[in-house]
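Asker: What follows is query.cif, made up of mmCIF, C-alpha atoms:
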```cif
data_start
loop_
_atom_site.label_atom_id
_atom_site.label_comp_id
_atom_site.auth_asym_id
_atom_site.auth_seq_id
_atom_site.Cartn_x
_atom_site.Cartn_y
_atom_site.Cartn_z
CA MET A 1 13.56 143.69 27.65
CA ILE A 2 9.90 144.72 27.34
CA VAL A 3 7.02 142.24 27.45
CA LEU A 4 3.62 143.49 26.29
CA THR A 5 0.39 141.70 27.19
CA SER A 6 -3.22 142.76 26.84
CA ASP A 7 -3.17 144.65 30.13
CA ARG A 8 0.43 145.51 30.90
CA SER A 9 3.88 146.45 29.70
CA SER A 10 6.72 145.06 31.81
CA ASP A 11 10.38 145.98 31.68
CA ILE A 12 12.11 142.81 32.85
CA ALA A 13 15.53 141.19 32.90
CA GLN A 14 16.97 139.57 29.81
CA ARG A 15 19.28 136.56 29.67
CA SER A 16 22.77 137.61 28.70
CA ASP A 17 22.89 134.88 26.04
CA ASP A 18 20.12 135.73 23.58
CA THR A 19 18.79 132.35 22.50
CA GLY A 20 16.11 133.78 20.21
CA SER A 21 13.46 132.60 22.64
CA LEU A 22 11.63 134.55 25.33
CA TRP A 23 13.23 133.52 28.63
CA VAL A 24 11.63 135.13 31.68
CA ARG A 25 13.19 135.05 35.11
CA VAL A 26 10.91 132.90 37.27
CA ASP A 27 10.55 135.60 39.91
CA GLN A 28 9.33 138.02 37.19
CA LEU A 29 7.08 135.55 35.38
CA LYS A 30 3.80 136.56 37.03
CA GLN A 31 4.53 140.26 36.70
CA ALA A 32 5.33 139.95 33.00
CA THR A 33 2.84 137.30 31.81
CA GLY A 34 0.32 136.67 34.60
CA TRP A 35 1.40 132.98 34.76
CA GLN A 36 3.15 131.37 37.73
CA LEU A 37 5.24 128.23 38.16
CA LYS A 38 3.59 125.93 40.71
CA PRO A 39 4.11 122.28 41.67
CA GLU A 40 1.06 121.35 39.56
CA GLY A 41 2.34 123.18 36.48
CA VAL A 42 2.14 126.69 35.05
CA CYS A 43 -0.94 128.48 36.37
CA LEU A 44 -3.02 131.53 35.53
CA GLY A 45 -5.85 131.95 38.00
CA GLU A 46 -7.84 128.70 37.93
CA ILE A 47 -6.11 127.42 34.80
CA CYS A 48 -3.10 125.12 35.34
CA VAL A 49 -1.12 123.59 32.48
CA PRO A 50 0.95 120.60 33.59
CA LEU A 51 4.61 120.52 32.63
CA PHE A 52 5.94 117.12 31.63
CA GLU A 53 9.47 116.07 32.42
CA PRO A 54 11.04 116.79 29.02
CA GLU A 55 9.43 120.24 29.00
CA ARG A 56 10.47 120.93 32.57
CA GLU A 57 14.03 120.01 31.64
CA ALA A 58 14.08 122.10 28.46
CA TRP A 59 12.12 125.14 29.64
CA ILE A 60 13.54 125.75 33.11
CA ALA A 61 17.20 126.69 33.17
CA ASP A 62 19.84 128.32 35.34
CA ALA A 63 21.64 131.30 33.83
CA ASP A 64 23.24 134.48 35.15
CA ASP A 65 22.69 133.24 38.75
CA TRP A 66 18.89 133.15 38.26
CA VAL A 67 16.28 130.55 37.33
CA TRP A 68 14.61 131.23 33.97
CA PHE A 69 11.50 129.90 32.22
CA CYS A 70 11.23 129.65 28.43
CA TYR A 71 7.93 131.43 28.05
CA SER A 72 7.83 131.48 24.22
CA ALA A 73 8.01 127.66 24.14
CA PHE A 74 5.21 127.49 26.72
CA ALA A 75 3.17 130.03 24.71
CA ASP A 76 3.55 127.81 21.62
CA LYS A 77 2.25 124.86 23.65
CA ILE A 78 -0.91 126.70 24.72
CA GLY A 79 -1.44 128.40 21.35
CA GLN A 80 -0.72 131.92 22.57
CA LYS A 81 0.62 134.01 19.67
CA HIS A 82 3.72 136.14 20.17
CA VAL A 83 5.66 138.64 18.07
CA ARG A 84 9.12 140.05 18.66
CA ASP A 85 10.85 143.18 17.44
CA GLY A 86 14.30 143.67 18.97
CA ASP A 87 14.03 143.53 22.73
CA VAL A 88 10.24 143.94 22.73
CA TRP A 89 7.99 140.87 22.91
CA SER A 90 4.24 141.17 22.44
CA LEU A 91 1.95 138.38 23.65
CA GLY A 92 -1.56 137.73 22.32
CA SER A 93 -4.65 136.45 24.12
CA VAL A 94 -4.51 133.12 25.90
CA PRO A 95 -6.84 130.86 23.85
CA GLU A 96 -7.96 128.89 26.93
CA VAL A 97 -9.05 132.08 28.69
CA ARG A 98 -10.97 133.13 25.59
CA ARG A 99 -12.61 129.68 25.28
CA LEU A 100 -13.68 129.57 28.93
CA GLY A 101 -15.11 133.07 28.63
CA LEU A 102 -17.15 132.17 25.57
CA GLU A 103 -18.49 129.01 27.19
CA SER A 104 -19.55 130.84 30.35
CA GLY A 105 -21.28 133.67 28.49
CA LEU A 106 -19.84 136.02 31.08
CA ALA A 107 -18.44 139.37 30.04
CA PRO A 108 -14.63 139.38 30.23
CA ASP A 109 -13.56 141.07 33.43
CA PHE A 110 -11.26 144.06 33.38
CA GLU A 111 -9.81 146.54 35.80
CA MET A 112 -8.94 149.97 34.51
CA THR A 113 -8.64 153.48 35.89
CA ASP A 114 -11.23 155.99 34.73
CA ARG A 115 -10.64 159.68 34.05
CA SER A 116 -11.58 160.53 37.64
CA GLY A 117 -8.77 158.30 38.89
CA ASP A 118 -11.19 155.65 40.19
CA THR A 119 -10.70 151.96 39.55
CA VAL A 120 -13.37 150.41 37.35
CA ARG A 121 -13.57 146.63 37.78
CA LEU A 122 -16.42 145.13 35.77
CA SER A 123 -16.97 142.26 38.23
CA ASP A 124 -17.55 144.85 41.00
CA LEU A 125 -20.63 146.04 39.13
CA ARG A 126 -22.48 142.71 39.49
CA GLY A 127 -26.06 143.33 40.58
CA ARG A 128 -26.40 146.30 38.21
CA LYS A 129 -27.01 146.51 34.50
CA VAL A 130 -24.02 147.79 32.55
CA VAL A 131 -23.93 149.42 29.12
CA LEU A 132 -20.37 149.47 27.81
CA PHE A 133 -19.42 151.17 24.58
CA THR A 134 -16.27 152.15 22.72
CA TRP A 135 -15.62 155.14 20.51
CA ALA A 136 -12.54 156.92 19.14
CA SER A 137 -11.47 160.40 18.10
CA TRP A 138 -10.01 159.08 14.82
CA MET B 1 -18.90 162.40 18.52
CA ASN B 2 -22.12 161.66 20.33
CA LEU B 3 -20.97 161.60 23.96
CA PRO B 4 -23.47 164.36 24.91
CA VAL B 5 -26.31 162.23 23.49
CA TRP B 6 -25.20 159.37 25.72
CA GLN B 7 -25.26 161.79 28.65
CA GLU B 8 -28.86 162.79 27.85
CA LEU B 9 -29.84 159.13 27.59
CA TYR B 10 -28.06 158.33 30.88
CA GLU B 11 -29.89 161.12 32.69
CA SER B 12 -33.29 160.41 31.17
CA ILE B 13 -33.21 156.67 31.94
CA GLY B 14 -31.76 157.30 35.41
CA PRO B 15 -28.17 156.85 36.64
CA ASP B 16 -29.49 154.77 39.54
CA ARG B 17 -30.80 152.16 37.11
CA PHE B 18 -27.62 151.23 35.26
CA GLU B 19 -23.91 151.86 34.81
CA LEU B 20 -22.79 153.52 31.61
CA ILE B 21 -19.13 153.08 30.71
CA SER B 22 -17.61 154.93 27.77
CA VAL B 23 -14.21 153.77 26.51
CA ALA B 24 -12.05 155.79 24.12
CA GLU B 25 -9.93 153.52 21.91
CA ASP B 26 -7.24 156.08 21.16
CA SER B 27 -3.55 155.32 20.96
CA GLN B 28 -2.82 158.99 21.69
CA GLY B 29 -4.74 158.59 24.95
CA GLU B 30 -5.95 161.60 26.86
CA ALA B 31 -4.36 163.99 24.35
CA ALA B 32 -6.75 162.75 21.65
CA ALA B 33 -9.83 161.73 23.61
CA GLY B 34 -9.78 164.17 26.54
CA LYS B 35 -11.26 167.18 24.77
CA TRP B 36 -14.25 165.14 23.53
CA PHE B 37 -14.96 163.85 27.02
CA ASP B 38 -14.55 167.35 28.50
CA LYS B 39 -16.94 168.86 25.96
CA ALA B 40 -19.64 166.33 26.83
CA THR B 41 -19.32 166.90 30.61
CA PRO B 42 -20.33 163.28 31.23
CA THR B 43 -21.33 161.97 34.64
CA TYR B 44 -21.02 158.36 33.47
CA ARG B 45 -17.73 156.48 33.76
CA CYS B 46 -15.12 157.47 31.16
CA ILE B 47 -12.05 155.40 30.38
CA VAL B 48 -9.20 156.16 28.00
CA ASP B 49 -7.85 152.92 26.53
CA PRO B 50 -4.72 153.62 24.46
CA THR B 51 -3.96 149.92 23.85
CA HIS B 52 -7.50 149.02 22.70
CA ARG B 53 -7.75 146.51 25.51
CA ILE B 54 -11.56 146.57 25.70
CA SER B 55 -12.00 145.93 21.97
CA SER B 56 -9.59 142.98 22.22
CA LEU B 57 -11.42 141.53 25.23
CA PHE B 58 -14.86 141.81 23.66
CA GLY B 59 -13.75 140.87 20.14
CA TRP B 60 -14.86 144.21 18.66
CA VAL B 61 -13.38 145.30 15.34
CA ASN B 62 -14.89 148.75 14.86
CA VAL B 63 -16.07 151.79 16.80
CA PRO B 64 -18.51 152.46 18.19
CA SER B 65 -19.24 149.00 19.52
CA GLY B 66 -21.11 148.15 22.66
CA ALA B 67 -22.49 145.48 24.96
CA TRP B 68 -25.31 145.13 27.43
CA ILE B 69 -24.17 143.22 30.52
CA ASP B 70 -26.85 142.00 32.91
CA GLU B 71 -26.84 141.89 36.72
CA ASP B 72 -25.13 138.47 36.66
CA GLY B 73 -22.30 139.72 34.47
CA ARG B 74 -23.61 138.02 31.31
CA ILE B 75 -23.44 139.68 27.91
CA VAL B 76 -27.01 139.84 26.62
CA ARG B 77 -26.29 141.85 23.49
CA SER B 78 -23.17 143.01 21.61
CA ASN B 79 -23.27 145.21 18.50
CA GLU B 80 -21.23 147.32 16.13
CA GLY B 81 -22.31 150.82 15.10
CA VAL B 82 -23.99 151.61 18.41
CA PHE B 83 -24.69 155.27 17.72
CA PRO B 84 -27.32 156.65 20.11
CA ASP B 85 -28.61 159.02 17.44
CA GLU B 86 -27.90 160.25 13.94
CA THR B 87 -24.27 161.27 14.01
CA THR B 88 -22.25 163.52 11.71
CA ILE B 89 -18.46 163.48 11.75
CA ASN B 90 -16.48 166.22 10.02
CA PHE B 91 -13.07 165.38 8.60
CA GLY B 92 -11.89 168.47 6.73
CA LEU B 93 -12.69 167.46 3.14
CA GLY B 94 -16.28 166.62 4.01
CA ARG B 95 -18.44 164.83 6.53
CA VAL B 96 -19.83 161.40 7.20
CA ARG B 97 -23.32 160.66 8.49
CA LEU B 98 -24.19 157.48 10.36
CA GLY B 99 -26.78 155.87 12.60
CA ASN B 100 -30.09 156.84 14.11
CA ASP B 101 -31.78 156.43 17.49
CA ALA B 102 -32.85 152.77 17.23
CA PHE B 103 -30.07 151.53 19.52
CA ALA B 104 -30.92 154.15 22.16
CA HIS B 105 -34.57 153.05 22.15
CA ALA B 106 -33.55 149.41 22.46
CA THR B 107 -31.15 150.25 25.30
CA ARG B 108 -33.88 152.06 27.20
CA ASP B 109 -36.21 149.10 26.70
CA TRP B 110 -33.63 146.67 28.09
CA ILE B 111 -32.86 148.84 31.13
CA GLU B 112 -36.57 149.08 31.91
CA ARG B 113 -37.70 145.53 31.09
CA GLY B 114 -34.56 143.46 31.64
CA PRO B 115 -34.80 139.88 30.35
CA ASP B 116 -38.34 140.56 29.07
CA SER B 117 -36.98 143.01 26.52
CA GLU B 118 -37.37 141.64 23.01
CA PHE B 119 -33.86 142.90 22.23
CA VAL B 120 -32.05 140.59 24.64
CA TRP B 121 -30.04 137.83 22.96
CA SER B 122 -29.86 134.26 24.18
CA ALA B 123 -26.43 132.67 24.70
CA GLU B 124 -26.89 130.91 21.34
CA GLU B 125 -27.67 134.17 19.55
CA LEU B 126 -24.67 135.80 21.15
CA ALA B 127 -22.40 132.93 20.06
CA ALA B 128 -23.76 133.19 16.52
CA HIS B 129 -22.79 136.87 16.36
CA LEU B 130 -19.19 136.40 17.51
CA LYS B 131 -16.53 137.07 14.91
CA PRO B 132 -14.55 134.02 13.81
CA VAL B 133 -11.07 133.93 15.28
CA ASP B 134 -8.44 132.17 13.18
CA ASP B 135 -4.67 131.94 13.61
CA ASP B 136 -4.02 135.12 11.64
CA THR B 137 -6.56 137.08 13.72
CA LEU B 138 -4.92 135.82 16.90
CA LEU B 139 -1.49 136.86 15.60
CA ALA B 140 -2.79 140.29 14.54
CA GLU B 141 -3.57 141.23 18.14
CA PRO B 142 0.00 141.17 19.55
CA THR B 143 1.24 142.65 16.25
CA PHE B 144 -1.13 145.62 16.67
CA LYS B 145 -0.02 146.01 20.31
CA LEU B 146 3.60 146.08 19.11
CA ALA B 147 2.69 148.87 16.66
CA LEU B 148 1.05 150.87 19.46
CA HIS B 149 4.12 150.39 21.63
CA PHE B 150 6.49 151.77 19.00
CA GLU B 151 4.05 154.59 18.18
CA SER B 152 4.09 155.58 21.86
CA LEU B 153 7.90 155.71 21.69
CA GLY B 154 7.82 157.90 18.59
CA ASP B 155 9.37 155.15 16.44
CA SER B 156 7.21 155.77 13.40
CA GLU B 157 9.04 153.40 11.08
CA ARG B 158 8.57 150.37 13.29
CA ALA B 159 5.02 151.43 14.26
CA LEU B 160 3.94 151.62 10.62
CA ARG B 161 5.57 148.29 9.82
CA HIS B 162 3.59 146.53 12.55
CA PHE B 163 0.36 148.46 11.85
CA ASP B 164 0.67 147.28 8.26
CA ALA B 165 1.29 143.68 9.32
CA ALA B 166 -1.72 143.70 11.70
CA GLN B 167 -3.93 145.09 8.95
CA HIS B 168 -2.89 142.32 6.56
CA LEU B 169 -3.42 139.62 9.20
CA ALA B 170 -6.89 140.88 10.18
CA PRO B 171 -8.26 142.69 7.11
CA ASP B 172 -11.79 142.94 8.57
CA ASN B 173 -10.64 144.75 11.71
CA TRP B 174 -11.46 148.42 11.14
CA ASN B 175 -9.90 149.40 14.47
CA TYR B 176 -6.51 148.16 13.28
CA HIS B 177 -6.96 149.90 9.93
CA ARG B 178 -8.21 153.22 11.20
CA GLN B 179 -5.82 153.54 14.15
CA GLY B 180 -2.94 152.59 11.86
CA TRP B 181 -3.95 154.98 9.07
CA THR B 182 -4.42 157.79 11.61
CA HIS B 183 -0.69 157.55 12.29
CA LYS B 184 -0.33 159.25 8.87
CA GLY B 185 -3.00 161.88 9.60
CA THR B 186 -6.78 162.08 9.97
CA VAL B 187 -7.51 163.15 6.37
CA TYR B 188 -5.35 160.32 5.03
CA ALA B 189 -7.22 157.93 7.34
CA ALA B 190 -10.64 159.19 6.23
CA LEU B 191 -9.75 158.75 2.55
CA GLN B 192 -8.46 155.22 3.22
CA VAL B 193 -11.74 154.38 4.99
CA LEU B 194 -13.68 155.69 2.00
CA LYS B 195 -11.49 153.73 -0.43
CA LYS B 196 -11.71 150.45 1.44
CA SER B 197 -15.41 150.68 2.31
CA THR B 198 -16.26 151.59 -1.32
CA TYR B 199 -14.21 148.63 -2.56
CA LEU B 200 -15.94 146.25 -0.13
CA LYS B 201 -19.38 147.52 -1.04
CA LYS B 202 -18.73 147.10 -4.76
CA ASN B 203 -16.94 143.78 -4.63
CA THR B 204 -18.06 141.87 -1.54
CA ASP B 205 -21.09 141.29 0.66
CA LYS B 206 -19.28 142.80 3.68
CA ASN B 207 -20.66 145.86 5.47
CA TYR B 208 -18.75 148.58 7.28
CA TYR B 209 -20.81 147.71 10.38
CA ASP B 210 -22.63 144.45 10.94
CA PRO B 211 -26.39 145.06 10.94
CA MET B 212 -27.75 145.48 14.46
CA GLU B 213 -30.99 143.62 13.75
CA LEU B 214 -33.20 146.19 15.45
CA PRO B 215 -36.60 147.61 14.45
CA GLY B 216 -36.13 150.93 12.67
CA GLU B 217 -32.86 149.77 11.21
CA ASN B 218 -34.13 150.41 7.75
CA HIS B 219 -31.52 152.82 6.57
CA ARG B 220 -28.16 151.92 5.15
CA ARG B 221 -26.48 154.35 7.58
CA PHE B 222 -26.55 151.45 10.00
CA THR B 223 -24.09 149.49 7.96
CA GLU B 224 -22.55 152.06 5.60
CA PRO B 225 -21.47 155.65 6.31
CA GLU B 226 -22.95 158.31 4.00
CA TRP B 227 -20.25 160.64 2.66
CA PHE B 228 -20.74 164.32 1.84
CA TRP B 229 -18.03 166.52 0.36
CA THR B 230 -17.24 170.21 0.73
CA PRO B 231 -18.15 172.41 -2.30
CA ALA B 232 -14.45 172.70 -3.16
CA VAL B 233 -14.02 168.92 -3.31
CA ASN B 234 -17.20 168.55 -5.40
CA ALA B 235 -15.92 171.19 -7.82
CA LEU B 236 -12.59 169.37 -8.10
CA LYS B 237 -14.37 166.07 -8.73
CA ARG B 238 -16.46 167.69 -11.50
CA LEU B 239 -13.32 169.13 -13.04
CA LEU B 240 -11.54 165.77 -12.99
CA ARG B 241 -14.54 164.10 -14.61
CA ARG B 242 -14.41 166.63 -17.49
CA GLN B 243 -10.71 166.06 -18.09
CA PRO B 244 -10.14 162.31 -18.41
CA SER B 245 -6.56 161.22 -18.13
CA THR B 246 -4.75 160.63 -21.45
CA ALA B 247 -2.26 158.27 -19.84
#
```
Written as structure tokens, how would this file's structure read?
Answerer:
Amino acid sequence: MIVLTSDRSSDIAQRSDDTGSLWVRVDQLKQATGWQLKPEGVCLGEICVPLFEPEREAWIADADDWVWFCYSAFADKIGQKHVRDGDVWSLGSVPEVRRLGLESGLAPDFEMTDRSGDTVRLSDLRGRKVVLFTWASW
Amino acid sequence: MNLPVWQELYESIGPDRFELISVAEDSQGEAAAGKWFDKATPTYRCIVDPTHRISSLFGWVNVPSGAWIDEDGRIVRSNEGVFPDETTINFGLGRVRLGNDAFAHATRDWIERGPDSEFVWSAEELAAHLKPVDDDTLLAEPTFKLALHFESLGDSERALRHFDAAQHLAPDNWNYHRQGWTHKGTVYAALQVLKKSTYLKKNTDKNYYDPMELPGENHRRFTEPEWFWTPAVNALKRLLRRQPSTA
């Protein structure tokens, strides 16, 4: 199963019983979505979303000798859009991340590799002015 | 493409004074964008972004788009249509002319004068320029990513289906339109751009690019491309005008 997010494509395990929902093995959750299960809830960086008991019961399950998390149900809770075609799931932006970014006025951080093979991390360029622009060949 | 003009601007302002980052939003990646970068021999940072990640992050819906980011990491200006000079793009059946040097002058002013530049936006001005994001727009993003994924696998049927869905969900996103149309060829894409932009101009108050609100922005090339056709296309158009359809 493939999970696409804004910055990655992850080939991860799939539950043998296809429930129609996106179940992600807990040990692959961070790799595939960026989120992690913690005692305080489901966390992405500084953001933690608490899981209440009914959700914990419904969204965490044992199957195929692994522990799984129902990510599509969690995504619905936080308003993250998702689309599926076959065994490929594509996840949209996390609205809370977008909201916090807008409120702070800070440019969204990114880390990408440039054509020279060097890592470009926007936050590393603090202290300098940056002009960023897009273009396309099409 | 105006990458060499950016290089001239980068050198004349001074590479020690700012970082210039150029991002190619091309689903075909290096195969499509590489030759343009190579031709410009840029010394600024060049990134190929086949999944349009930067446009998604910054909420940009057309190319070129750009932002000024200050020393504290704050966006102090974000615009569409950021051509550094008058730009002509050839597409086989004709050419399109856009832009002038107003954005380059403003960029130089900001690099030199920082927050004292008259072109810097306040946080309120920046917020006022952000595109509205509704449920459909949010859903369009993963749908477009799905299209790019299938395109990269060579699954044209599924790629086109999701490109089409993304275009319907976010009809004002030219990146989704143009990248999707390009899957059927560059001439097809150019004609679709002409068709849609002509329709919008005639029937709505929408522009191809949002105005940049800069001095010198007194030409419609800032918001609308100017189209010029080859002599053969002009001759064909004249011929078609003389022979109205009897259907």
Asker: Pick out the residues sitting within 12 Å of A:Thr19, and hand them over as a VMD selection string; count all atoms listed in the file, and ignore anything fewer than 6 positions along from it in its own chain.
Answerer: chain A and resid 63 70 72 to 73
Asker: Take the PyMOL selection byres ((chain A) within 10 of (chain B)), apply it to the structure above, and return the hits as a VMD selection string.
Answerer: chain A and resid 2 to 9 79 to 85 88 to 95 98 101 to 110 112 to 120 122 to 138
Asker: Would you mind reading off the distance between atom CA of A:Ala13 and atom CA of A:Met1, one decimal, in Å?
Answerer: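 According to the coordinates, atom CA of A:Ala13 and atom CA of A:Met1 are separated by 6.1 Å.
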Asker: In Å, rounded to a single decimal, give me how far atom CA of B:Asp210 is from atom CA of B:Pro15.
Answerer: 29.1 Å
Asker: Kindly give the distance, in Å, that separates atom CA of B:Val120 and atom CA of B:Pro211, rounded to a single decimal.
Answerer: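 Between these atoms lies a distance of 15.5 Å.
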Asker: Let me have the centre and edge lengths in Å, one decimal, of the box along x, y and z around every listed atom of stretch 85-92 of chain A with 8 Å of margin on each side, as JSON.
Answerer:
```
{"center_x": 6.4, "center_y": 140.8, "center_z": 20.5, "size_x": 31.9, "size_y": 22.2, "size_z": 22.2}
```
Asker: Return as an mmCIF file with C-alpha atoms, in the coordinates of the input the set of residues that the PyMOL selection byres ((chain A and resi 38) around 10) yields on the displayed structure.
Answerer:
```cif
data_model
loop_
_atom_site.group_PDB
_atom_site.id
_atom_site.type_symbol
_atom_site.label_atom_id
_atom_site.label_comp_id
_atom_site.auth_asym_id
_atom_site.auth_seq_id
_atom_site.Cartn_x
_atom_site.Cartn_y
_atom_site.Cartn_z
ATOM 1 C CA TRP A 35 1.400 132.980 34.760
ATOM 2 C CA GLN A 36 3.150 131.370 37.730
ATOM 3 C CA LEU A 37 5.240 128.230 38.160
ATOM 4 C CA PRO A 39 4.110 122.280 41.670
ATOM 5 C CA GLU A 40 1.060 121.350 39.560
ATOM 6 C CA GLY A 41 2.340 123.180 36.480
ATOM 7 C CA VAL A 42 2.140 126.690 35.050
ATOM 8 C CA CYS A 43 -0.940 128.480 36.370
ATOM 9 C CA CYS A 48 -3.100 125.120 35.340
ATOM 10 C CA VAL A 49 -1.120 123.590 32.480
ATOM 11 C CA PRO A 50 0.950 120.600 33.590
ATOM 12 C CA LEU A 51 4.610 120.520 32.630
#
```
